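Taking it in order: structure first as structure tokens, then the write-up.
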Amino acid sequence: MSTLAATIAANRFGLGARPGELGEIGGAVYEWLLSQIKPQAPLTALENSAVRFKRLLGGVENMSGIAAALRPARDLYIKDMTLRTQQAVTTAAPFAERLVHFWSNHFAVSVERVVVGPFVAAYENEAIRPNIFGKFSDMVLASARHVAMLTYLDNVRSIGPNSRAVQRRVQEREQQPRGLNENYAREVMELHTLGVDGGYTQADVLSLAKILTGWSLNRREGGFEFKAVAHEPGVHTVMGTRFADNGEQQGVAALRFLAAHTATAKHIATKLARHFIADEPPASAVDALASTFTRSGGDLAVLTRTLIDLQEAWQPQQLKYKSPQEHVISSLRAIGSRTIEPAILSSFEVLGQRSFGAPSPQGWPDKQANWLSGDGLMRRIEWSQALAKRLPSTLDARRIAVDVLGPWLSGDTAFMLQGAPSNTEALALLFLAPEFQRR
Amino acid sequence: MTNHLDRRMFLAALAAVTLPARVSFAAMPTDKRFVFVILRGAMDGLTAVPPYADRSYKSARLTLAVAEADMTQLDGQFGLHKELGSLAKLYAKKELLVLHAVATSYRDRSHFDAQNLLEGGGSAAHEQKDGWLNRALSLLGGSRQPLGLAVGGTTPLVLTGTTPIASYAPTALPDADEGFLELAQRLMANDPALSQALVSGMGSADMADAAGGNMAMPGNPRRNSSGLAQVAGRMLSAADGPRLAVLDVGGWDTHVGQVNRLPQALRQLDATLAALQQSMSSVWNDTMVVVVSEFGRTVAMNGNNGTDHGTATAAFVMGGKVDGGRVLANWPGLASSQLYQGRDLAPTMDLRSLLKGALQAQYGLSAGEIDRLVFPGSGEAAALRDLVRA
């Protein structure tokens, strides 16, 4: 008989139990989670972003060239997302994988900007995955320097009004030299670090935008390049702190300052507690996470250990309603899928959560009110039935239910599965059981 | 064999559950329709409704200024961008009212907080945990069928709350079998939130089928708002259908290359509103459509031929009885000394005045009810009068 703790570990901290997983965890629940908190390497199966950039866009200058170069982008996106989904469905370290998803959604980039599409998987793989148990500030910097983020939030286009690049163009009487773009500077404060109530002003946004001018791309070779010629000269002040004019290091210092701010600690703590505990997380949990964040200097391994030590994260009630992505992945894990067909990717889209397709830089929401609607549930029902119809009749829904839901499986649901008109219906009902739709 | 017995017990248990009616309707509490269209991302009101007579317009906007050849002149002071051709026709028929220099009470520049305030309807972002339209629904009187309809996927905050609502988005998935839905209902019976969502979902699926919503709708629904508007319009037109709906039209956050990108968004908006108007023609005289954005954009161009987050912008009201054919604006001017914080169109009308006036005109809600329940703390924003013709 599986313990409640193992069930919570696999389904709330992990991505949903695979058959046999609860047994493997056994009584060593903490050990199972702790063993996943270790440095993560990028997946080797995904193409490196700089290599791909050079292959697709190296030396391309004009808009029609970019459009032509991006023609294979959809196929690349499908290939990348198949790999990503396969990794989530088959991994034996699903807690670490959940954190990869959590952080890449926190630092969201979206294929709503078409040009970002070929780089979103690489972004998660290069900027997020290696840093989930590293320093938070390193994740901020890696995100800031990645081609996906530089492009998605326009920093690649931001040029200091008094930079040498602009001065030269003015001399050459070019009519409208490009200039400052505050899009990334605003979102890095509002969404990635301080949070919207973090105490910054419009003037701070402007200062940070100036500081980050020159953070750009090497358009021939791919990859990050600091372009001193586009950098706005001068000392700039952000939230009362002055940052000396020392080129790229000015931005590094400002981003590290924001990453270490107490408002950032609170913001990150709230989002983490919301993801693992409840839509409106208890203040005690948020405070504990925030103080660990600050005390450890934003060490995410230490923060993650505090998270699994929180009593509130182990409460037996299933307060979180799974997003479509979580529901699809946990369903595929429950039936023990080993290989992912690209066709399964359309699941995310029809259920309203296309992979890396968030409608805004805010990323996907993380509350029941955002995902549980009449229409959303109808589609989840239709999807569950469509999936069940494709599954072999050898899969026994009743056994899987016991195997993945452990003590969460209610008598009522067991009764329904037992009495279902066919095994296909029983499997679909399993995916739709309240204890399976929640975690 | 026990399996057989279990199945009989199971069927008996199932029969004992009362299934909510899917097709029978009580009398509807109102025939008035209201559609709230949110332009998420901040629409540049100075392009959609160019104030061409303002002496500073051209100098403040430079290449962003709309040429007089590219607009329909409305009243000697304001124009409509040429991509808003259907709206211009409605204006000529006096069924479109244009408002300008409007804003919520929000004065910072976060899309997400501004939308939260616009939809929550309080006096500060995150003050209200549910949406003002949902609270307004609670005042309309009981109905067995949800009166509110969310279109296009997730439920927006403005419709979130204690009053059940329906939601609709097109899907490529095959319908679930009828018998299976009954099983699913039984399965979720002990989870109130899931049960409630399921009842609402089954109801709207029927309505959408009746409205032709199962026709294939290829592509990204966020980009196909005119198709969604058409199905929503048909659902709203049904005698026993929903009465209030919320639609999103996106593409407004023009930080880069605004001159190329904004006309596309305007064309999309025009097509969406035209589809809505056309599909609601049988109830057009009972209909009011209010179109707003969370804030406007900077008056001056940024460094990328785009604009950044600003403050006041334009809004639209349309409908068969709307007292249209005019522009309602207390114009603040575009000279640099007249701008809000030296950069944005200054707000001179509180958006809540429009929304409160719309609720009064459409549903006869009293000012007291509105101030207490729908827009708490909005006393200083008096409801606009005369939005509809007598």
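Please note that chains go A, B, ... in the order of the structure tokens, that every chain numbers its residues from 1, and that ligands are numbered from 1 in the order shown.
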
For chain A, list the residues within 6 Å of chain B, counting only C-alpha atoms, and write the list as a PyMOL selection string. chain A and resi 178-180+370+373-375+378+382+419

Distance query B:Leu139 at most 9 Å, only C-alpha atoms, self and fewer than 2 positions along chain excluded, as a PyMOL selection string: chain B and resi 135-137+141-142+365+369+373

Atom CA of B:Gln115 to atom CA of A:Pro359, distance in Å rounded to a single decimal: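 Between these atoms lies a distance of 13.8 Å.
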
Nearest to B:Lys94 by atom-to-atom distance, counting only C-alpha atoms, from B:Leu345, B:Ile370, B:Val322, B:Leu328: B:Val322

Hey, which of A:Leu377, A:Ala269, A:Leu46, A:Met239 ends up closest to A:Thr306? Count only C-alpha atoms. A:Ala269
